[in-house]
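**Q** The structure file model_32.pdb (PDB, C-alpha atoms) is provided below.
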ATOM      1  CA  MET J   1     -17.864  -3.342  11.201
ATOM      2  CA  SER J   2     -20.579  -5.933  10.524
ATOM      3  CA  SER J   3     -19.903  -9.507   9.518
ATOM      4  CA  ARG J   4     -22.200  -8.886   6.539
ATOM      5  CA  ARG J   5     -19.942  -6.099   5.290
ATOM      6  CA  LEU J   6     -16.886  -8.304   5.688
ATOM      7  CA  PHE J   7     -18.614 -11.120   3.793
ATOM      8  CA  ILE J   8     -19.606  -8.826   0.937
ATOM      9  CA  LYS J   9     -16.136  -7.342   0.592
ATOM     10  CA  SER J  10     -14.389 -10.723   0.733
ATOM     11  CA  GLY J  11     -16.811 -12.204  -1.759
ATOM     12  CA  LEU J  12     -16.364  -9.386  -4.229
ATOM     13  CA  ALA J  13     -12.602  -9.682  -4.059
ATOM     14  CA  GLY J  14     -12.810 -13.396  -4.729
ATOM     15  CA  ILE J  15     -15.095 -12.873  -7.694
ATOM     16  CA  ALA J  16     -12.790 -10.242  -9.153
ATOM     17  CA  LEU J  17      -9.788 -12.542  -8.861
ATOM     18  CA  ALA J  18     -11.571 -15.544 -10.334
ATOM     19  CA  GLY J  19     -12.965 -13.554 -13.238
ATOM     20  CA  ILE J  20      -9.669 -12.475 -14.768
ATOM     21  CA  PRO J  21      -8.002 -14.960 -17.124
ATOM     22  CA  GLY J  22      -4.301 -15.575 -16.844
ATOM     23  CA  VAL J  23      -4.101 -14.777 -13.134
ATOM     24  CA  VAL J  24      -2.578 -17.465 -10.936
ATOM     25  CA  SER J  25      -3.444 -17.566  -7.248
ATOM     26  CA  ALA J  26      -1.617 -19.890  -4.887
ATOM     27  CA  LEU J  27      -0.692 -20.342  -1.262
ATOM     28  CA  ALA J  28       2.835 -21.298  -0.271
ATOM     29  CA  PRO J  29       5.050 -21.003   2.801
ATOM     30  CA  VAL J  30       7.097 -17.809   2.951
ATOM     31  CA  GLU J  31      10.312 -19.812   3.035
ATOM     32  CA  GLN J  32       9.468 -21.619  -0.187
ATOM     33  CA  HIS J  33       8.759 -18.347  -1.993
ATOM     34  CA  VAL J  34      11.968 -16.728  -0.765
ATOM     35  CA  LEU J  35      14.041 -19.684  -1.864
ATOM     36  CA  SER J  36      12.450 -19.660  -5.301
ATOM     37  CA  ASN J  37      13.755 -16.125  -5.811
ATOM     38  CA  SER J  38      17.152 -16.588  -4.208
ATOM     39  CA  ALA J  39      19.108 -16.659  -7.485
ATOM     40  CA  GLY J  40      19.576 -12.894  -7.485
ATOM     41  CA  LYS J  41      17.400 -12.246 -10.538
ATOM     42  CA  LEU J  42      15.062  -9.730  -8.946
ATOM     43  CA  LYS J  43      15.129  -6.175 -10.234
ATOM     44  CA  LEU J  44      13.199  -4.828  -7.262
ATOM     45  CA  ARG J  45      11.655  -6.083  -4.016
ATOM     46  CA  PHE J  46       9.689  -3.847  -1.691
ATOM     47  CA  ALA J  47       7.096  -4.044   1.075
ATOM     48  CA  ILE J  48       3.952  -1.976   1.411
ATOM     49  CA  ALA J  49       1.935  -1.560   4.606
ATOM     50  CA  SER J  50      -0.775   0.821   5.783
ATOM     51  CA  ASP J  51      -3.060   1.970   8.546
ATOM     52  CA  GLY J  52      -0.931   2.058  11.661
ATOM     53  CA  HIS J  53      -3.255   4.567  13.379
ATOM     54  CA  TYR J  54      -0.556   5.617  15.823
ATOM     55  CA  GLY J  55      -2.160   7.349  18.782
ATOM     56  CA  GLN J  56      -5.623   5.799  18.464
ATOM     57  CA  PRO J  57      -7.143   5.552  21.953
ATOM     58  CA  ASP J  58      -7.704   2.115  23.473
ATOM     59  CA  THR J  59      -5.423   0.344  21.002
ATOM     60  CA  PRO J  60      -1.905  -1.058  21.534
ATOM     61  CA  PHE J  61      -0.518   1.336  18.928
ATOM     62  CA  LYS J  62       3.037   1.366  20.272
ATOM     63  CA  LYS J  63       3.193  -2.436  20.320
ATOM     64  CA  ASP J  64       1.692  -2.563  16.826
ATOM     65  CA  HIS J  65       4.496  -0.339  15.567
ATOM     66  CA  GLU J  66       7.212  -2.244  17.392
ATOM     67  CA  ASN J  67       5.861  -5.357  15.680
ATOM     68  CA  ILE J  68       5.750  -3.980  12.143
ATOM     69  CA  ILE J  69       9.291  -2.636  12.378
ATOM     70  CA  GLN J  70      10.498  -6.011  13.647
ATOM     71  CA  TRP J  71       8.622  -7.946  10.955
ATOM     72  CA  LEU J  72       9.830  -5.751   8.096
ATOM     73  CA  ASN J  73      13.439  -5.802   9.294
ATOM     74  CA  GLU J  74      13.239  -9.599   9.595
ATOM     75  CA  ALA J  75      11.846  -9.836   6.050
ATOM     76  CA  HIS J  76      14.714  -7.675   4.806
ATOM     77  CA  HIS J  77      17.244  -9.894   6.604
ATOM     78  CA  VAL J  78      15.853 -13.042   4.966
ATOM     79  CA  SER J  79      15.521 -11.557   1.470
ATOM     80  CA  PRO J  80      16.631  -7.931   0.987
ATOM     81  CA  LEU J  81      14.083  -5.197   0.420
ATOM     82  CA  ASN J  82      14.907  -2.107  -1.614
ATOM     83  CA  PHE J  83      12.506   0.014   0.427
ATOM     84  CA  VAL J  84       9.183   0.121   2.273
ATOM     85  CA  ILE J  85       6.075   2.173   1.453
ATOM     86  CA  ILE J  86       3.648   3.202   4.206
ATOM     87  CA  ASN J  87       0.325   3.814   2.502
ATOM     88  CA  GLY J  88      -1.583   6.209   4.707
ATOM     89  CA  ASP J  89      -3.172   6.599   8.136
ATOM     90  CA  LEU J  90       0.164   6.659   9.880
ATOM     91  CA  VAL J  91      -1.479   8.427  12.820
ATOM     92  CA  HIS J  92      -5.036   8.664  14.117
ATOM     93  CA  ASP J  93      -6.424  12.197  13.773
ATOM     94  CA  ARG J  94      -3.356  13.775  15.382
ATOM     95  CA  PRO J  95      -0.925  15.150  12.781
ATOM     96  CA  GLU J  96       1.353  16.382  15.572
ATOM     97  CA  LEU J  97       2.282  12.703  16.123
ATOM     98  CA  LEU J  98       3.678  12.242  12.599
ATOM     99  CA  LYS J  99       7.178  13.262  13.646
ATOM    100  CA  GLU J 100       7.024  10.928  16.656
ATOM    101  CA  VAL J 101       5.977   7.876  14.669
ATOM    102  CA  LYS J 102       8.605   8.617  12.026
ATOM    103  CA  ASN J 103      11.470   9.242  14.432
ATOM    104  CA  ASN J 104      10.646   6.507  16.956
ATOM    105  CA  TYR J 105       9.608   3.751  14.554
ATOM    106  CA  TYR J 106       9.970   4.117  10.786
ATOM    107  CA  ASP J 107      13.457   5.580  11.013
ATOM    108  CA  ARG J 108      14.478   2.249  12.591
ATOM    109  CA  LEU J 109      13.791   0.367   9.370
ATOM    110  CA  LYS J 110      16.952  -1.088   7.828
ATOM    111  CA  VAL J 111      15.913   0.239   4.400
ATOM    112  CA  PRO J 112      14.595   3.578   3.117
ATOM    113  CA  PHE J 113      10.869   4.202   3.418
ATOM    114  CA  TYR J 114       8.332   6.428   1.698
ATOM    115  CA  ALA J 115       4.982   7.506   3.125
ATOM    116  CA  ILE J 116       1.780   8.998   1.784
ATOM    117  CA  PRO J 117      -1.110  10.500   3.815
ATOM    118  CA  GLY J 118      -4.405   8.827   4.561
ATOM    119  CA  ASN J 119      -7.686  10.330   5.713
ATOM    120  CA  HIS J 120      -6.693  10.123   9.385
ATOM    121  CA  ASP J 121      -3.362  11.956   9.021
ATOM    122  CA  HIS J 122      -4.937  15.443   8.647
ATOM    123  CA  ALA J 123      -1.638  16.945   7.488
ATOM    124  CA  ASP J 124      -1.310  19.758   4.980
ATOM    125  CA  THR J 125       1.459  19.816   2.375
ATOM    126  CA  ALA J 126       3.788  21.965   4.468
ATOM    127  CA  THR J 127       3.438  19.722   7.513
ATOM    128  CA  TRP J 128       4.041  16.591   5.463
ATOM    129  CA  LYS J 129       7.148  18.041   3.866
ATOM    130  CA  SER J 130       8.513  19.255   7.206
ATOM    131  CA  VAL J 131       8.306  15.721   8.605
ATOM    132  CA  PHE J 132       9.214  13.543   5.614
ATOM    133  CA  GLY J 133      11.210  15.864   3.362
ATOM    134  CA  TYR J 134       8.851  15.655   0.366
ATOM    135  CA  GLU J 135       5.312  16.773  -0.379
ATOM    136  CA  ASP J 136       2.090  14.787   0.004
ATOM    137  CA  ASN J 137       2.090  14.180  -3.772
ATOM    138  CA  TYR J 138       5.388  12.586  -4.704
ATOM    139  CA  SER J 139       7.010  10.322  -7.253
ATOM    140  CA  PHE J 140      10.304   8.505  -7.631
ATOM    141  CA  GLU J 141      12.057   5.961  -9.826
ATOM    142  CA  ASN J 142      13.988   2.935  -8.603
ATOM    143  CA  ASN J 143      15.797   0.482 -10.881
ATOM    144  CA  GLY J 144      13.801   1.648 -13.896
ATOM    145  CA  ILE J 145      10.407   1.314 -12.167
ATOM    146  CA  GLY J 146       8.257   4.378 -11.527
ATOM    147  CA  PHE J 147       6.258   5.049  -8.371
ATOM    148  CA  ILE J 148       3.519   7.665  -8.040
ATOM    149  CA  LEU J 149       2.277   8.415  -4.520
ATOM    150  CA  ALA J 150      -0.765  10.677  -4.442
ATOM    151  CA  ASN J 151      -2.753  12.124  -1.557
ATOM    152  CA  THR J 152      -6.439  11.111  -1.443
ATOM    153  CA  SER J 153      -7.649  13.183   1.513
ATOM    154  CA  ASN J 154      -7.477  16.669   3.016
ATOM    155  CA  THR J 155      -6.799  18.113   6.449
ATOM    156  CA  LYS J 156     -10.413  17.465   7.498
ATOM    157  CA  GLY J 157     -10.204  13.789   6.536
ATOM    158  CA  THR J 158     -12.518  14.145   3.556
ATOM    159  CA  TYR J 159     -12.007  11.512   0.859
ATOM    160  CA  ILE J 160     -10.893  13.090  -2.414
ATOM    161  CA  ALA J 161      -9.683  11.928  -5.806
ATOM    162  CA  PRO J 162      -5.937  12.325  -6.406
ATOM    163  CA  ASN J 163      -4.899  15.612  -7.970
ATOM    164  CA  ALA J 164      -5.509  15.185 -11.712
ATOM    165  CA  ASP J 165      -2.761  17.572 -12.821
ATOM    166  CA  PHE J 166      -0.187  15.852 -10.630
ATOM    167  CA  MET J 167      -1.231  12.387 -11.802
ATOM    168  CA  LYS J 168      -1.149  13.336 -15.488
ATOM    169  CA  ARG J 169       2.234  15.050 -15.178
ATOM    170  CA  GLU J 170       3.854  12.108 -13.389
ATOM    171  CA  LEU J 171       2.326   9.497 -15.670
ATOM    172  CA  GLU J 172       3.685  11.416 -18.633
ATOM    173  CA  LYS J 173       7.100  11.646 -16.984
ATOM    174  CA  PHE J 174       7.190   7.868 -16.609
ATOM    175  CA  LYS J 175       5.520   6.948 -19.911
ATOM    176  CA  ASP J 176       8.674   5.373 -21.363
ATOM    177  CA  LEU J 177       9.191   3.043 -18.390
ATOM    178  CA  LYS J 178       7.978  -0.535 -18.696
ATOM    179  CA  THR J 179       6.480  -0.634 -15.205
ATOM    180  CA  VAL J 180       4.765   2.013 -13.083
ATOM    181  CA  PHE J 181       3.045   1.474  -9.720
ATOM    182  CA  VAL J 182       0.523   3.923  -8.279
ATOM    183  CA  ILE J 183       0.010   4.279  -4.526
ATOM    184  CA  LEU J 184      -3.350   5.706  -3.362
ATOM    185  CA  HIS J 185      -4.577   5.266   0.194
ATOM    186  CA  ILE J 186      -8.252   5.532  -0.809
ATOM    187  CA  PRO J 187      -9.315   3.738  -4.008
ATOM    188  CA  PRO J 188     -10.875   5.789  -6.824
ATOM    189  CA  HIS J 189     -13.546   3.184  -7.619
ATOM    190  CA  LEU J 190     -16.590   1.650  -5.889
ATOM    191  CA  TRP J 191     -16.701  -2.126  -6.304
ATOM    192  CA  GLY J 192     -19.841  -2.499  -4.234
ATOM    193  CA  PRO J 193     -22.455  -0.515  -2.300
ATOM    194  CA  GLU J 194     -20.592  -0.943   0.987
ATOM    195  CA  ASN J 195     -17.285   0.565  -0.202
ATOM    196  CA  SER J 196     -16.190   3.701   1.659
ATOM    197  CA  PHE J 197     -14.059   4.790  -1.270
ATOM    198  CA  VAL J 198     -14.102   7.624  -3.830
ATOM    199  CA  ASP J 199     -15.979   7.202  -7.103
ATOM    200  CA  SER J 200     -13.655   8.895  -9.585
ATOM    201  CA  PRO J 201     -14.103   7.527 -13.108
ATOM    202  CA  GLU J 202     -11.748  10.255 -14.361
ATOM    203  CA  THR J 203      -8.918   8.854 -12.237
ATOM    204  CA  VAL J 204      -9.628   5.295 -13.314
ATOM    205  CA  SER J 205      -9.777   6.319 -16.970
ATOM    206  CA  LEU J 206      -6.457   8.145 -16.642
ATOM    207  CA  LEU J 207      -4.797   5.082 -15.087
ATOM    208  CA  HIS J 208      -6.201   2.849 -17.819
ATOM    209  CA  SER J 209      -4.799   5.154 -20.513
ATOM    210  CA  TYR J 210      -1.210   4.285 -19.546
ATOM    211  CA  PRO J 211      -0.542   0.585 -20.246
ATOM    212  CA  ASN J 212       2.679   0.684 -18.238
ATOM    213  CA  VAL J 213       0.659   1.225 -15.034
ATOM    214  CA  LYS J 214       0.744  -2.371 -13.867
ATOM    215  CA  ALA J 215      -0.895  -2.120 -10.449
ATOM    216  CA  VAL J 216      -2.418   0.258  -7.925
ATOM    217  CA  PHE J 217      -1.943  -0.257  -4.173
ATOM    218  CA  HIS J 218      -4.450   0.841  -1.546
ATOM    219  CA  GLY J 219      -4.904   0.899   2.207
ATOM    220  CA  HIS J 220      -7.905   2.376   4.062
ATOM    221  CA  ASP J 221     -10.117  -0.716   4.342
ATOM    222  CA  HIS J 222      -8.532  -2.849   7.070
ATOM    223  CA  ASN J 223     -10.688  -5.824   6.106
ATOM    224  CA  LEU J 224      -9.178  -6.151   2.641
ATOM    225  CA  ASP J 225      -5.992  -8.040   1.820
ATOM    226  CA  ALA J 226      -6.707  -9.243  -1.724
ATOM    227  CA  VAL J 227      -7.190  -7.788  -5.191
ATOM    228  CA  PHE J 228      -9.998  -5.995  -7.048
ATOM    229  CA  TYR J 229      -9.940  -4.968 -10.724
ATOM    230  CA  THR J 230     -10.936  -2.060 -12.921
ATOM    231  CA  ASN J 231     -10.927  -3.643 -16.358
ATOM    232  CA  LYS J 232      -7.621  -5.554 -16.257
ATOM    233  CA  LEU J 233      -5.844  -3.207 -13.859
ATOM    234  CA  PRO J 234      -5.325  -4.843 -10.437
ATOM    235  CA  HIS J 235      -5.859  -2.893  -7.219
ATOM    236  CA  PHE J 236      -4.173  -4.567  -4.229
ATOM    237  CA  PHE J 237      -4.909  -4.126  -0.530
ATOM    238  CA  ASP J 238      -2.629  -4.947   2.413
ATOM    239  CA  SER J 239      -4.753  -5.392   5.560
ATOM    240  CA  HIS J 240      -3.538  -3.132   8.405
ATOM    241  CA  ILE J 241      -0.705  -2.428  10.831
ATOM    242  CA  GLY J 242      -2.903  -1.256  13.703
ATOM    243  CA  GLY J 243      -6.265   0.237  14.544
ATOM    244  CA  ASN J 244      -9.234  -1.353  16.251
ATOM    245  CA  TRP J 245     -10.887  -3.212  13.362
ATOM    246  CA  GLY J 246     -10.099  -5.255  10.278
ATOM    247  CA  THR J 247      -8.578  -8.627   9.501
ATOM    248  CA  SER J 248      -7.744 -10.824  12.466
ATOM    249  CA  TYR J 249      -4.031 -10.404  11.741
ATOM    250  CA  ARG J 250      -1.671  -7.485  11.258
ATOM    251  CA  GLY J 251       0.149  -7.692   7.952
ATOM    252  CA  TYR J 252       1.870  -6.189   4.957
ATOM    253  CA  ARG J 253       2.348  -6.932   1.260
ATOM    254  CA  ILE J 254       5.527  -7.896  -0.603
ATOM    255  CA  VAL J 255       6.002  -6.917  -4.266
ATOM    256  CA  GLU J 256       8.762  -8.324  -6.464
ATOM    257  CA  VAL J 257       9.722  -7.487 -10.035
ATOM    258  CA  ASP J 258      12.194  -9.748 -11.827
ATOM    259  CA  GLU J 259      14.566  -8.931 -14.676
ATOM    260  CA  ALA J 260      11.928  -9.974 -17.212
ATOM    261  CA  ASN J 261       9.484  -7.490 -15.586
ATOM    262  CA  LYS J 262       7.295 -10.273 -14.202
ATOM    263  CA  ILE J 263       5.547  -9.041 -11.074
ATOM    264  CA  THR J 264       4.743 -11.211  -8.079
ATOM    265  CA  THR J 265       2.948  -9.953  -4.993
ATOM    266  CA  TYR J 266       1.722 -11.687  -1.868
ATOM    267  CA  GLN J 267       0.252 -10.768   1.466
ATOM    268  CA  VAL J 268       2.139 -11.673   4.656
ATOM    269  CA  ASN J 269       0.351 -12.092   7.978
ATOM    270  CA  ALA J 270       1.847 -11.378  11.386
ATOM    271  CA  SER J 271       2.842 -15.000  11.992
ATOM    272  CA  LYS J 272       4.662 -15.169   8.640
ATOM    273  CA  SER J 273       2.525 -18.061   7.388
ATOM    274  CA  PRO J 274       1.206 -18.712   4.812
ATOM    275  CA  LEU J 275       1.357 -16.371   1.810
ATOM    276  CA  LEU J 276      -2.070 -14.887   1.149
ATOM    277  CA  ASN J 277      -3.515 -14.239  -2.295
ATOM    278  CA  GLU J 278      -0.311 -14.607  -4.296
ATOM    279  CA  THR J 279      -0.788 -13.177  -7.770
ATOM    280  CA  SER J 280       1.598 -13.134 -10.728
ATOM    281  CA  PHE J 281       0.901 -11.049 -13.826
TER     282      PHE J 281
END
Write the structure described by the file as structure tokens, please.

**A**
Amino acid sequence: MSSRRLFIKSGLAGIALAGIPGVVSALAPVEQHVLSNSAGKLKLRFAIASDGHYGQPDTPFKKDHENIIQWLNEAHHVSPLNFVIINGDLVHDRPELLKEVKNNYYDRLKVPFYAIPGNHDHADTATWKSVFGYEDNYSFENNGIGFILANTSNTKGTYIAPNADFMKRELEKFKDLKTVFVILHIPPHLWGPENSFVDSPETVSLLHSYPNVKAVFHGHDHNLDAVFYTNKLPHFFDSHIGGNWGTSYRGYRIVEVDEANKITTYQVNASKSPLLNETSF
């Protein structure tokens, strides 16, 4: 991964953030943010992480997973999480390891978790359901907030747009909710020539047609931990759990929704300091 590519991606993310009016970005210690929300007025608080690449040769993948479980359980102890979402690339090209990483690591989380495939998971629908209990396209509702998790790859690791019929059906199902979040490992839009994403204007148009879709969350690019936009719709990234490239830290993203439906999200690095790219909208 060249330094030029990293510079381009970071610069584009900064431009996208700066170009949207009404978006506040700030850095603050984790403790300060937790205390500011300690009055019990949150409707929902969850964490999202991606790209563990369990089983990747020449990486400390077991230590990486011990770390993320410890960090997420510590975050839950300090300020309770409703659940965790693992956004793709749980394993590295070895779908037979999905059960191992689930049973040995993610099942040790103190809260429920949901997972969606990435391009390195190579699992078909039947395999995914046999391990996790639900299919590779899945939705759920929690405290009046809808979540749509859609697969963006196939068993060969090819990048694909999310299934249009599934997306339309679930968006319609949740159309009366005030807030819907969409989880896609691979983004459906190219923000620059160096993006290894999927160019799917149909997906983007569909997301834009539902004003209650408030944010889309992506993994896949380990270098990214900020926000890009399609029109006014924010697309957030969360760095990486493991693998052999990306940001210099391992991290995850926290998302909070208060009783007034105000959304706050921030990136947490492995050392728990400081908050990265906090955005309220």

**Q** Starting from the displayed file, determine the output of the PyMOL selection byres ((chain J and resi 147) around 12) and express the residue list as a VMD selection string.

**A** chain J and resid 46 83 85 114 to 116 137 to 146 148 to 150 167 170 to 171 173 to 175 177 to 184 212 to 217

**Q** Any chance you could tabulate, as a tab-separated table, the residues of segment 114-151 of chain J at most 8 Å from segment 185-199 of chain J with each one's nearest atom pair and distance in Å to one decimal, using only C-alpha atoms, in chain and rising number order?

**A**
residue	atom	partner	partner_atom	distance
J:Ile116	CA	J:His185	CA	7.5
J:Pro117	CA	J:His185	CA	7.2
J:Gly118	CA	J:His185	CA	5.6
J:Asn151	CA	J:His185	CA	7.3

**Q** Determine, counting only C-alpha atoms, which protein, DNA and RNA residues have an atom within 10 Å of an atom of Trp245 of chain J; residues of the same chain fewer than 5 positions away are not included. Present the result as a PyMOL selection string.

**A** chain J and resi 1+221-223+240

**Q** Identify the residues within 8 Å of coordinate (4.8, -8.3, 4.3) (same frame as the file), considering only C-alpha atoms, and give the answer as a compact mmCIF listing (two decimals) with C-alpha atoms, in the frame of the given file.

**A**
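Printed below is selection_14.txt as written:
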# COMPACT_ATOMS: atom_id res chain seq x y z
CA ALA J 47 7.10 -4.04 1.08
CA ILE J 48 3.95 -1.98 1.41
CA ALA J 49 1.94 -1.56 4.61
CA TRP J 71 8.62 -7.95 10.96
CA LEU J 72 9.83 -5.75 8.10
CA ALA J 75 11.85 -9.84 6.05
CA GLY J 251 0.15 -7.69 7.95
CA TYR J 252 1.87 -6.19 4.96
CA ARG J 253 2.35 -6.93 1.26
CA ILE J 254 5.53 -7.90 -0.60
CA TYR J 266 1.72 -11.69 -1.87
CA GLN J 267 0.25 -10.77 1.47
CA VAL J 268 2.14 -11.67 4.66
CA ASN J 269 0.35 -12.09 7.98

**Q** Would you kindly return, as a list of chain:residue names, each protein, DNA or RNA residue with an atom no farther than 10 Å from any atom of Asp124 of chain J, considering all atoms listed in the file and excluding same-chain residues fewer than 5 positions away?

**A**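 Listing them by chain and then by number gives J:Pro95, J:Pro117, J:Lys129, J:Glu135, J:Asp136, J:Ser153, J:Asn154, J:Thr155, J:Lys156.
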
**Q** Could you please determine the separation between atom CA of Leu224 of chain J and atom CA of Asp121 of chain J in Å, to one decimal place?

**A**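 Interatomic distance here is 20.1 Å.
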
**Q** Using only C-alpha atoms, which protein or nucleic acid residues come within 9 Å of Arg108 of chain J? Drop anything in the same chain fewer than 5 positions from it, and give the result as a list in words.

**A**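 Selected residues are Ile69, Asn73, Lys102 and Asn103 of chain J.
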
**Q** Go through J:Asp51, J:Pro112, J:Ile68, J:Val84 one by one, measure the shortest atom-to-atom distance of each to Thr247 of chain J using only C-alpha atoms, and give the residue with the smallest value.

**A** J:Asp51

**Q** Please enumerate the residues selected by the PyMOL selection byres ((chain J and resi 52) around 8) when evaluated against the supplied file, formatted as a compact mmCIF listing (two decimals) with C-alpha atoms, in the coordinates of the input.

**A**
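So the final result, stored in part-v6.txt, reads:
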# COMPACT_ATOMS: atom_id res chain seq x y z
CA SER J 50 -0.78 0.82 5.78
CA ASP J 51 -3.06 1.97 8.55
CA HIS J 53 -3.26 4.57 13.38
CA TYR J 54 -0.56 5.62 15.82
CA PHE J 61 -0.52 1.34 18.93
CA ASP J 64 1.69 -2.56 16.83
CA HIS J 65 4.50 -0.34 15.57
CA ASP J 89 -3.17 6.60 8.14
CA LEU J 90 0.16 6.66 9.88
CA VAL J 91 -1.48 8.43 12.82
CA HIS J 240 -3.54 -3.13 8.40
CA ILE J 241 -0.70 -2.43 10.83
CA GLY J 242 -2.90 -1.26 13.70
CA GLY J 243 -6.26 0.24 14.54

**Q** Nearest to Lys262 of chain J among J:Thr125, J:Lys41, J:Val78, J:Glu96, with distances taken over all atoms listed in the file: which residue is it?

**A**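 Among the listed residues, the smallest separation from Lys262 of chain J belongs to J:Lys41.
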
**Q** So for segment 174-186 of chain J, what box centre and size do we get, axis-aligned, 6 Å extra on each of the six sides, every listed atom, Å to one decimal, as lines of an AutoDock Vina configuration file?

**A**
center_x = 0.5
center_y = 3.6
center_z = -10.6
size_x = 29.4
size_y = 20.5
size_z = 33.6

**Q** Between atom CA of Tyr210 of chain J and atom CA of Asn87 of chain J, what is the distance in Å, rounded to a tenth?

**A**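 One can read the atom CA of Tyr210 of chain J to atom CA of Asn87 of chain J distance as 22.1 Å.
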